[in-house]
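Undergrad: Could you have a look at this structure, given as structure tokens, before my questions?
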Amino acid sequence: MTTNTTEATPIEATTGGPTLPQERRLVTAIPGPKSQELQARKTAAVAGGVGTTLPVYITAAGGGVLVDVDGNSLIDLGSGIAVTTVGNSAPRVVQAVQDQVAAFTHTCFMVTPYAGYVEVAEALNRITPGDHEKRTALFNSGSEAVENAVKIARKYTGKTGVVVFDHAYHGRTNLTMAMTAKNMPYKDGFGPFASDVYRAPLSYPFRDDQMDGAAAAARAIDQIDKQVGAQNLAAIVIEPIQGEGGFIVPADGFLRALTEWCTANNVVFVADEVQTGFARTGAMFAVEHDDVVPDLIVTAKGIAGGLPLSAVTGRAEIMDSAHVGGLGGTYGGNPLACAAALAVLETIEADGLVDRAAKIGALMTQRLLDLQERDGRIGDVRGRGAMIAVELVRAGTTEPDADLTKRVAAAAHERGVVVLTCGTYGNVLRFLPPLSISDALLTDACDVLDEVFEVTK
Ligand SMILES: Cc1ncc(COP(=O)(O)O)c(C=O)c1O
């Protein structure tokens, strides 16, 4: 195993951000002794249901690295699950939050409002697809925003049915558990779930013989017509690229055909861009790749650089259909999170991060395609921009190989590269680097991936 393990003194990282040394550097085994100690405390103190992918305890992060309590510097290919898109402790975010925390921390927008909330709403209305009149409401988490999109669609249409798709992930609250496809670990034993949620087949080119988008949409619409009926359906909710379900990019034309059907049938088309939004895919929003304008778009994660914030943005007549007082929550659109979001949007625009995501995607995809040529266990390389994945199978088949995926992820972790897995079959290795990562770190991470695929043969 080749690592950058050295005897040198651990990095004394007291602050995060892009000034941290941008290097992979291991000074202990992963996890190191201090992390192990904290993990033992975690086991004794934290509910067992809250898992950790890689129990290294972080003290600082920025650029493309995470620094742990033992002084190891790891390459971050996860961005805290697609959250720190502009980088951890990005300078504009730090400044904006520091200024805001010194001014006031909370008043509750529903009681005595403040400008930051309005400015975030204005910005989202401006940057989300479509030039129609829009409104925005802010919340705390992706799940909460998805729930609110459904509430709004029901109120607007006077209908109750909700269609979601195979492999979908929309969250862990009661309604969003019903909308999420996978039982383990998200739903098992947590029912009963909300009713009037129906599942339709997705376009999954690797697993449906490359069925074209129009045919896949026709299959889904036929099922929706027969099993639900447009007259009962308030909304179709879909991730333009599925996240937890396996970074599944639907075939061209799939999303567009669904939106056209929604428009013709008074069904609200909701794009769940919680994971794909804010430059991640090489466009500000992933639906732009498909030339689709959703009625409502749900955002979270990358919106505020790590502060909890989410939003529903959409057509004014739909958003305004909810009665006064019908939407909100104590913390929704918290001033710190709003200040962070404005700084994130400024950073994306000023630093050209949409283009940067596309470049990261090109670099990593080429490396992964090269690897696929040498390794038949990589069934598919897919994604857009800096949302990239490989689906692992038994060589020469499409049979999922979850065990290999676990072993590859563990070997990457041991070498100081933080990767995540996903997929209904647990056989997808996904990459979500912060857009502040350097080419040098990305190349190093790809070299590590080459090595771990070799050692797991
Ligand atoms: C597409 C999508 N929707 C909704 C959610 C739920 O967001 P949160 O975890 O903030 O509730 C996620 C989280 O991973 C997601 O990826």
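A note on labels: chains of the structure tokens are A, B, ... as shown, every chain counts residues from 1, and ligands are counted from 1 in their shown order.
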Go through chain A residue by residue and, counting only C-alpha atoms and all ligand atoms, keep those with an atom at most 10 Å from ligand 1; for each kept residue give the shortest atom pair and its distance in Å to one decimal, ordered by chain and increasing number, as JSON lines.
TA:
```
{"residue": "A:Ile81", "atom": "CA", "partner": "ligand 1", "partner_atom_place_in_ligand_line": "14 (O)", "distance": 6.9}
{"residue": "A:Ala82", "atom": "CA", "partner": "ligand 1", "partner_atom_place_in_ligand_line": "14 (O)", "distance": 8.2}
{"residue": "A:Val83", "atom": "CA", "partner": "ligand 1", "partner_atom_place_in_ligand_line": "10 (O)", "distance": 9.4}
{"residue": "A:Phe139", "atom": "CA", "partner": "ligand 1", "partner_atom_place_in_ligand_line": "10 (O)", "distance": 9.9}
{"residue": "A:Asn140", "atom": "CA", "partner": "ligand 1", "partner_atom_place_in_ligand_line": "10 (O)", "distance": 7.5}
{"residue": "A:Ser141", "atom": "CA", "partner": "ligand 1", "partner_atom_place_in_ligand_line": "10 (O)", "distance": 3.9}
{"residue": "A:Gly142", "atom": "CA", "partner": "ligand 1", "partner_atom_place_in_ligand_line": "7 (O)", "distance": 3.3}
{"residue": "A:Ser143", "atom": "CA", "partner": "ligand 1", "partner_atom_place_in_ligand_line": "11 (O)", "distance": 3.7}
{"residue": "A:Glu144", "atom": "CA", "partner": "ligand 1", "partner_atom_place_in_ligand_line": "11 (O)", "distance": 6.3}
{"residue": "A:Ala145", "atom": "CA", "partner": "ligand 1", "partner_atom_place_in_ligand_line": "11 (O)", "distance": 8.0}
{"residue": "A:Val146", "atom": "CA", "partner": "ligand 1", "partner_atom_place_in_ligand_line": "4 (C)", "distance": 6.7}
{"residue": "A:Glu147", "atom": "CA", "partner": "ligand 1", "partner_atom_place_in_ligand_line": "4 (C)", "distance": 9.6}
{"residue": "A:Ala168", "atom": "CA", "partner": "ligand 1", "partner_atom_place_in_ligand_line": "1 (C)", "distance": 7.6}
{"residue": "A:Tyr169", "atom": "CA", "partner": "ligand 1", "partner_atom_place_in_ligand_line": "2 (C)", "distance": 5.5}
{"residue": "A:His170", "atom": "CA", "partner": "ligand 1", "partner_atom_place_in_ligand_line": "4 (C)", "distance": 3.8}
{"residue": "A:Gly171", "atom": "CA", "partner": "ligand 1", "partner_atom_place_in_ligand_line": "6 (C)", "distance": 3.9}
{"residue": "A:Arg172", "atom": "CA", "partner": "ligand 1", "partner_atom_place_in_ligand_line": "11 (O)", "distance": 6.5}
{"residue": "A:Thr173", "atom": "CA", "partner": "ligand 1", "partner_atom_place_in_ligand_line": "11 (O)", "distance": 7.7}
{"residue": "A:Thr176", "atom": "CA", "partner": "ligand 1", "partner_atom_place_in_ligand_line": "4 (C)", "distance": 7.9}
{"residue": "A:Met177", "atom": "CA", "partner": "ligand 1", "partner_atom_place_in_ligand_line": "6 (C)", "distance": 9.8}
{"residue": "A:Met179", "atom": "CA", "partner": "ligand 1", "partner_atom_place_in_ligand_line": "3 (N)", "distance": 9.8}
{"residue": "A:Thr180", "atom": "CA", "partner": "ligand 1", "partner_atom_place_in_ligand_line": "3 (N)", "distance": 8.8}
{"residue": "A:Val237", "atom": "CA", "partner": "ligand 1", "partner_atom_place_in_ligand_line": "3 (N)", "distance": 9.9}
{"residue": "A:Ile238", "atom": "CA", "partner": "ligand 1", "partner_atom_place_in_ligand_line": "1 (C)", "distance": 8.2}
{"residue": "A:Glu239", "atom": "CA", "partner": "ligand 1", "partner_atom_place_in_ligand_line": "1 (C)", "distance": 5.7}
{"residue": "A:Pro240", "atom": "CA", "partner": "ligand 1", "partner_atom_place_in_ligand_line": "1 (C)", "distance": 8.7}
{"residue": "A:Ile241", "atom": "CA", "partner": "ligand 1", "partner_atom_place_in_ligand_line": "1 (C)", "distance": 8.3}
{"residue": "A:Gln242", "atom": "CA", "partner": "ligand 1", "partner_atom_place_in_ligand_line": "1 (C)", "distance": 6.6}
{"residue": "A:Gly243", "atom": "CA", "partner": "ligand 1", "partner_atom_place_in_ligand_line": "16 (O)", "distance": 5.2}
{"residue": "A:Glu244", "atom": "CA", "partner": "ligand 1", "partner_atom_place_in_ligand_line": "16 (O)", "distance": 6.0}
{"residue": "A:Gly245", "atom": "CA", "partner": "ligand 1", "partner_atom_place_in_ligand_line": "16 (O)", "distance": 8.8}
{"residue": "A:Ala271", "atom": "CA", "partner": "ligand 1", "partner_atom_place_in_ligand_line": "1 (C)", "distance": 9.0}
{"residue": "A:Asp272", "atom": "CA", "partner": "ligand 1", "partner_atom_place_in_ligand_line": "1 (C)", "distance": 5.5}
{"residue": "A:Glu273", "atom": "CA", "partner": "ligand 1", "partner_atom_place_in_ligand_line": "1 (C)", "distance": 5.9}
{"residue": "A:Val274", "atom": "CA", "partner": "ligand 1", "partner_atom_place_in_ligand_line": "2 (C)", "distance": 4.7}
{"residue": "A:Gln275", "atom": "CA", "partner": "ligand 1", "partner_atom_place_in_ligand_line": "16 (O)", "distance": 4.5}
{"residue": "A:Thr276", "atom": "CA", "partner": "ligand 1", "partner_atom_place_in_ligand_line": "1 (C)", "distance": 7.3}
{"residue": "A:Gly277", "atom": "CA", "partner": "ligand 1", "partner_atom_place_in_ligand_line": "1 (C)", "distance": 9.5}
{"residue": "A:Val298", "atom": "CA", "partner": "ligand 1", "partner_atom_place_in_ligand_line": "3 (N)", "distance": 8.1}
{"residue": "A:Thr299", "atom": "CA", "partner": "ligand 1", "partner_atom_place_in_ligand_line": "3 (N)", "distance": 8.2}
{"residue": "A:Ala300", "atom": "CA", "partner": "ligand 1", "partner_atom_place_in_ligand_line": "10 (O)", "distance": 6.3}
{"residue": "A:Lys301", "atom": "CA", "partner": "ligand 1", "partner_atom_place_in_ligand_line": "10 (O)", "distance": 6.3}
{"residue": "A:Pro308", "atom": "CA", "partner": "ligand 1", "partner_atom_place_in_ligand_line": "10 (O)", "distance": 7.8}
{"residue": "A:Leu309", "atom": "CA", "partner": "ligand 1", "partner_atom_place_in_ligand_line": "10 (O)", "distance": 8.3}
{"residue": "A:Ser310", "atom": "CA", "partner": "ligand 1", "partner_atom_place_in_ligand_line": "10 (O)", "distance": 7.6}
```
Undergrad: Please produce a file of those selected residues containing N, CA and C atoms, as a compact mmCIF listing (two decimals), in the first residue's frame.
TA:
```txt
# COMPACT_ATOMS: atom_id res chain seq x y z
N ILE A 81 -21.73 15.07 1.93
CA ILE A 81 -22.86 14.69 1.06
C ILE A 81 -23.38 15.91 0.28
N ALA A 82 -22.52 16.44 -0.56
CA ALA A 82 -22.91 17.47 -1.55
C ALA A 82 -23.30 18.80 -0.93
N VAL A 83 -22.74 19.11 0.23
CA VAL A 83 -23.13 20.35 0.91
C VAL A 83 -22.09 21.46 0.72
N PHE A 139 -36.82 26.89 4.42
CA PHE A 139 -36.98 25.90 5.49
C PHE A 139 -35.59 25.50 5.98
N ASN A 140 -35.51 24.37 6.72
CA ASN A 140 -34.24 24.00 7.35
C ASN A 140 -33.51 22.85 6.67
N SER A 141 -34.25 21.85 6.24
CA SER A 141 -33.62 20.65 5.68
C SER A 141 -34.25 20.31 4.34
N GLY A 142 -33.58 19.44 3.61
CA GLY A 142 -34.12 18.99 2.34
C GLY A 142 -35.47 18.32 2.52
N SER A 143 -35.58 17.43 3.51
CA SER A 143 -36.84 16.72 3.73
C SER A 143 -37.98 17.70 4.00
N GLU A 144 -37.69 18.69 4.82
CA GLU A 144 -38.73 19.64 5.18
C GLU A 144 -39.21 20.42 3.95
N ALA A 145 -38.27 20.74 3.07
CA ALA A 145 -38.64 21.48 1.86
C ALA A 145 -39.45 20.58 0.92
N VAL A 146 -39.06 19.30 0.81
CA VAL A 146 -39.83 18.37 -0.03
C VAL A 146 -41.27 18.28 0.50
N GLU A 147 -41.40 18.13 1.81
CA GLU A 147 -42.74 18.06 2.41
C GLU A 147 -43.56 19.30 2.07
N ALA A 168 -35.84 6.42 -5.70
CA ALA A 168 -35.86 7.81 -5.22
C ALA A 168 -35.40 7.92 -3.77
N TYR A 169 -34.79 9.05 -3.47
CA TYR A 169 -34.53 9.41 -2.06
C TYR A 169 -35.01 10.84 -1.85
N HIS A 170 -35.93 11.02 -0.91
CA HIS A 170 -36.43 12.37 -0.65
C HIS A 170 -36.32 12.75 0.81
N GLY A 171 -35.84 11.83 1.68
CA GLY A 171 -35.63 12.22 3.07
C GLY A 171 -36.10 11.18 4.05
N ARG A 172 -36.09 11.58 5.34
CA ARG A 172 -36.33 10.64 6.43
C ARG A 172 -37.48 11.05 7.34
N THR A 173 -38.21 12.12 7.00
CA THR A 173 -39.41 12.45 7.78
C THR A 173 -40.53 11.52 7.33
N THR A 176 -41.59 11.99 3.66
CA THR A 176 -40.48 11.73 2.73
C THR A 176 -39.95 10.29 2.84
N MET A 177 -40.17 9.64 3.99
CA MET A 177 -39.86 8.19 4.03
C MET A 177 -40.77 7.45 3.05
N MET A 179 -41.91 8.60 0.40
CA MET A 179 -41.49 8.95 -0.96
C MET A 179 -40.16 8.30 -1.34
N THR A 180 -39.37 7.96 -0.32
CA THR A 180 -38.08 7.31 -0.54
C THR A 180 -38.31 5.84 -0.87
N VAL A 237 -42.83 14.18 -8.18
CA VAL A 237 -41.60 14.67 -7.55
C VAL A 237 -40.45 13.79 -8.02
N ILE A 238 -39.43 14.41 -8.58
CA ILE A 238 -38.32 13.61 -9.12
C ILE A 238 -36.99 14.33 -8.95
N GLU A 239 -35.96 13.54 -8.67
CA GLU A 239 -34.60 14.08 -8.68
C GLU A 239 -34.11 14.02 -10.12
N PRO A 240 -33.65 15.14 -10.68
CA PRO A 240 -33.21 15.12 -12.09
C PRO A 240 -32.04 14.16 -12.32
N ILE A 241 -31.19 14.02 -11.32
CA ILE A 241 -30.22 12.92 -11.29
C ILE A 241 -30.40 12.32 -9.90
N GLN A 242 -30.67 11.04 -9.83
CA GLN A 242 -30.93 10.49 -8.51
C GLN A 242 -29.65 10.43 -7.70
N GLY A 243 -29.76 10.85 -6.44
CA GLY A 243 -28.61 10.91 -5.57
C GLY A 243 -28.38 9.60 -4.84
N GLU A 244 -29.03 9.43 -3.69
CA GLU A 244 -28.82 8.22 -2.89
C GLU A 244 -29.14 6.95 -3.69
N GLY A 245 -30.05 7.08 -4.65
CA GLY A 245 -30.47 5.92 -5.45
C GLY A 245 -29.41 5.40 -6.39
N ALA A 271 -39.08 19.40 -9.13
CA ALA A 271 -37.71 18.88 -9.24
C ALA A 271 -37.07 18.94 -7.86
N ASP A 272 -36.68 17.78 -7.35
CA ASP A 272 -35.95 17.73 -6.08
C ASP A 272 -34.46 17.88 -6.41
N GLU A 273 -33.99 19.13 -6.29
CA GLU A 273 -32.57 19.41 -6.61
C GLU A 273 -31.77 19.56 -5.33
N VAL A 274 -32.20 18.88 -4.28
CA VAL A 274 -31.50 18.98 -3.00
C VAL A 274 -30.03 18.57 -3.16
N GLN A 275 -29.77 17.51 -3.91
CA GLN A 275 -28.38 17.05 -4.05
C GLN A 275 -27.71 17.63 -5.30
N THR A 276 -28.51 17.94 -6.33
CA THR A 276 -27.94 18.32 -7.63
C THR A 276 -27.76 19.82 -7.81
N GLY A 277 -28.36 20.62 -6.94
CA GLY A 277 -28.41 22.06 -7.18
C GLY A 277 -27.10 22.79 -6.91
N VAL A 298 -36.99 22.24 -5.48
CA VAL A 298 -36.65 22.11 -4.06
C VAL A 298 -35.13 22.11 -3.95
N THR A 299 -34.60 22.96 -3.07
CA THR A 299 -33.15 23.04 -2.92
C THR A 299 -32.77 22.97 -1.44
N ALA A 300 -31.53 22.59 -1.19
CA ALA A 300 -30.99 22.53 0.19
C ALA A 300 -29.47 22.35 0.04
N LYS A 301 -28.89 21.50 0.87
CA LYS A 301 -27.47 21.11 0.80
C LYS A 301 -26.51 22.24 0.37
N PRO A 308 -27.69 25.08 7.88
CA PRO A 308 -28.94 24.42 7.51
C PRO A 308 -29.93 25.39 6.86
N LEU A 309 -30.22 25.14 5.60
CA LEU A 309 -31.18 25.97 4.87
C LEU A 309 -31.72 25.15 3.71
N SER A 310 -33.00 25.33 3.42
CA SER A 310 -33.59 24.71 2.24
C SER A 310 -34.67 25.63 1.71
```
Undergrad: Need to verify the contact set: A:Asp447, 9 Å, only C-alpha atoms, exclusion of same-chain residues closer than 5 positions in sequence. Can you return it as a PDB file with N, CA, C and O atoms, in the first residue's frame?
TA:
```
ATOM      1  N   ARG A 367     -10.492   9.736 -16.079  1.00  0.00           N
ATOM      2  CA  ARG A 367      -9.711   8.789 -15.280  1.00  0.00           C
ATOM      3  C   ARG A 367     -10.524   7.525 -14.989  1.00  0.00           C
ATOM      4  O   ARG A 367     -10.006   6.404 -15.019  1.00  0.00           O
ATOM      5  N   LEU A 442      -7.212  16.199  -6.913  1.00  0.00           N
ATOM      6  CA  LEU A 442      -8.097  15.286  -7.655  1.00  0.00           C
ATOM      7  C   LEU A 442      -7.297  14.181  -8.324  1.00  0.00           C
ATOM      8  O   LEU A 442      -7.685  13.018  -8.318  1.00  0.00           O
ATOM      9  N   VAL A 452      -6.646   1.275  -5.388  1.00  0.00           N
ATOM     10  CA  VAL A 452      -7.564   0.457  -4.589  1.00  0.00           C
ATOM     11  C   VAL A 452      -8.317  -0.544  -5.464  1.00  0.00           C
ATOM     12  O   VAL A 452      -8.655  -1.642  -5.010  1.00  0.00           O
TER      13      VAL A 452
END
```
Undergrad: Work out how far atom CA of A:Leu429 is from atom CA of A:Thr405, in Å to one decimal.
TA: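 Answer for the atom CA of A:Thr405 to atom CA of A:Leu429 separation: 6.5 Å.
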Undergrad: Which one of A:Thr424, A:Thr136, A:Asn266, A:Gln95 sits closest to A:Pro185 if you count only C-alpha atoms?
TA: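 Closest residue, counting only C-alpha atoms: A:Thr424.
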Undergrad: Mind pulling up the distance from atom CA of A:Leu175 to atom CA of A:Thr160?
TA: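 Separation of atom CA of A:Thr160 and atom CA of A:Leu175: 12.5 Å.
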Undergrad: Can you tell me, as a VMD selection string, what residues are no more than 8 Å from A:Ser438 when counting only C-alpha atoms, ignoring any on the same chain fewer than 2 positions away?
TA: chain A and resid 22 63 to 64 436 440 to 442
Undergrad: Take the residues from that selection and put them in a file with N, CA and C atoms, as a PDB file, in the first residue's frame.
TA:
```
ATOM      1  N   GLN A  22      -2.941  21.948   1.180  1.00  0.00           N
ATOM      2  CA  GLN A  22      -3.765  21.127   0.296  1.00  0.00           C
ATOM      3  C   GLN A  22      -3.000  19.874  -0.080  1.00  0.00           C
ATOM      4  N   GLY A  63     -10.785  23.982   1.080  1.00  0.00           N
ATOM      5  CA  GLY A  63     -10.210  23.620  -0.210  1.00  0.00           C
ATOM      6  C   GLY A  63     -10.719  22.253  -0.598  1.00  0.00           C
ATOM      7  N   GLY A  64      -9.809  21.266  -0.589  1.00  0.00           N
ATOM      8  CA  GLY A  64     -10.230  19.897  -0.898  1.00  0.00           C
ATOM      9  C   GLY A  64      -9.849  18.908   0.176  1.00  0.00           C
ATOM     10  N   SER A 436     -13.902  23.609  -4.735  1.00  0.00           N
ATOM     11  CA  SER A 436     -12.673  24.318  -4.375  1.00  0.00           C
ATOM     12  C   SER A 436     -11.461  23.387  -4.379  1.00  0.00           C
ATOM     13  N   ALA A 440      -4.478  19.010  -8.558  1.00  0.00           N
ATOM     14  CA  ALA A 440      -3.441  18.130  -8.002  1.00  0.00           C
ATOM     15  C   ALA A 440      -4.054  17.134  -7.015  1.00  0.00           C
ATOM     16  N   LEU A 441      -4.949  17.619  -6.159  1.00  0.00           N
ATOM     17  CA  LEU A 441      -5.587  16.708  -5.200  1.00  0.00           C
ATOM     18  C   LEU A 441      -6.496  15.706  -5.907  1.00  0.00           C
ATOM     19  N   LEU A 442      -7.212  16.199  -6.913  1.00  0.00           N
ATOM     20  CA  LEU A 442      -8.097  15.286  -7.655  1.00  0.00           C
ATOM     21  C   LEU A 442      -7.297  14.181  -8.324  1.00  0.00           C
TER      22      LEU A 442
END
```
Undergrad: Work out how far apart atom CA of A:Asp70 and atom CA of A:Leu38 are and give it in Å to one decimal.
TA: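 Atom CA of A:Leu38 lies at a distance of 11.0 Å from atom CA of A:Asp70.
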Undergrad: As a ChimeraX atom specification, list the residues of stretch 118-245 of chain A assigned to helix (DSSP H, G or I) by DSSP on the backbone atoms of this structure.
TA: /A:118-127,142-157,174-179,213-227,230-232
Undergrad: For A:Thr421, which residue out of A:Leu54, A:Ala149, A:Val111, A:Val268 is the nearest one, using only C-alpha atoms?
TA: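 Among the listed residues, the smallest separation from A:Thr421 belongs to A:Leu54.
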Undergrad: Could you tell me which of A:Gly423, A:Gly130, A:Gly396, A:Gly385 comes closest to A:Gly282 if we count only C-alpha atoms?
TA: A:Gly385
